[in-house]
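Some notes on the structure that comes next.
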Amino acid sequence: MKLNVHGGSSLDVADAAFGAPFNETLVHQVVTAFQARARAGTKAQKTRAEVRGGGAKPWRQKGTGRARAGSSRSPIWVGGGRAFAARPRSHAQKVNRKMYQGAMRSVLSELVRQDRLVIVDQLEFTAPRTRDLVARLKELELGQVLILVEEYTVNLLLAARNLPHVDVLDLREINPVSLIRYERVLATAGAVRQLGERFA
């Protein structure tokens, strides 16, 4: 299939990568797994055996008229331990390679169908000036945008880092969450060509 490049030219890409049907269930599973892997999983709480104190019985077993109690660190007491204390754990979910590739094909194809993918021949700047990038985005009528490039350039990174709704990724860091998070995706022709080869 052919994709339009800003300026009038076109780019040949694989139908398998940019013309796949949208599989919402698969995309949801892969996006959820990707976000789950980002969780630290370091939450920890103490049980009644781990909190300090509570060694002595608060009062005798019988004769006081109060409910029997063996420790002041019981979960129902203020200052007591947690009944089901959280433990550090991994939130990672297994995603097969074919599942990930299928989800990426679905996302890339949906970007094309919704006209959210904008392709330019190149995106280079002679100096790290934010105003130059803002002018380029204004020329392309882009606001909240993800920029995909083959490799990072220092000038592009420095020009984009002060813009709150602009992010820059190279092909090593591309992921489905970033692709669906932004309204539009601005990609260089070289990056799109490599994506087509990777997911064909």
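All residue names refer to the structure tokens as shown: chains lettered A, B, ... in order, residues numbered from 1 in each chain, ligands numbered from 1 in order.
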Using only C-alpha atoms, I'd like a table of the residues in region 33-151 of chain A that come within 12 Å of region 172-180 of chain A; for each, show the closest atom pair and its distance in Å rounded to one decimal, ordered by chain and ascending number, as a Markdown table.
| residue | atom | partner | partner_atom | distance |
| --- | --- | --- | --- | --- |
| A:Ala33 | CA | A:Val177 | CA | 10.2 |
| A:Phe34 | CA | A:Val177 | CA | 7.5 |
| A:Gln35 | CA | A:Val177 | CA | 7.8 |
| A:Ala36 | CA | A:Val177 | CA | 11.5 |
| A:Ala38 | CA | A:Val177 | CA | 11.4 |
| A:Met99 | CA | A:Pro176 | CA | 11.9 |
| A:Tyr100 | CA | A:Pro176 | CA | 8.8 |
| A:Gln101 | CA | A:Pro176 | CA | 10.0 |
| A:Gly102 | CA | A:Pro176 | CA | 10.7 |
| A:Ala103 | CA | A:Pro176 | CA | 7.5 |
| A:Met104 | CA | A:Pro176 | CA | 6.2 |
| A:Arg105 | CA | A:Pro176 | CA | 9.6 |
| A:Ser106 | CA | A:Pro176 | CA | 9.5 |
| A:Val107 | CA | A:Pro176 | CA | 6.9 |
| A:Leu108 | CA | A:Leu179 | CA | 8.0 |
| A:Ser109 | CA | A:Leu179 | CA | 11.3 |
| A:Glu110 | CA | A:Ile180 | CA | 9.5 |
| A:Leu111 | CA | A:Leu179 | CA | 8.4 |
| A:Val112 | CA | A:Leu179 | CA | 11.8 |
| A:Gln114 | CA | A:Ile180 | CA | 11.6 |
| A:Arg116 | CA | A:Ile180 | CA | 9.9 |
| A:Leu117 | CA | A:Leu179 | CA | 9.8 |
| A:Gln144 | CA | A:Ile180 | CA | 11.8 |
| A:Val145 | CA | A:Leu179 | CA | 9.5 |
| A:Leu146 | CA | A:Leu179 | CA | 7.3 |
| A:Ile147 | CA | A:Leu179 | CA | 9.8 |
| A:Leu148 | CA | A:Ile174 | CA | 8.0 |
| A:Val149 | CA | A:Arg172 | CA | 9.8 |
| A:Glu150 | CA | A:Arg172 | CA | 8.5 |
| A:Glu151 | CA | A:Arg172 | CA | 8.5 |
I need the alpha helix (DSSP H) residues of chain A per DSSP on the backbone, written as a PyMOL selection string. chain A and resi 15-18+24-37+97-113+130-139+154-160+176-181+189-198
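Using only C-alpha atoms, the shortest contact distance between Thr32 (chain A) and any of A:Arg161, A:His91, A:Arg129, A:Arg48 is found at A:His91.
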Figure out the distance between CA of Leu137 (chain A) and CA of Asp15 (chain A), please, to one decimal in Å. 28.1 Å
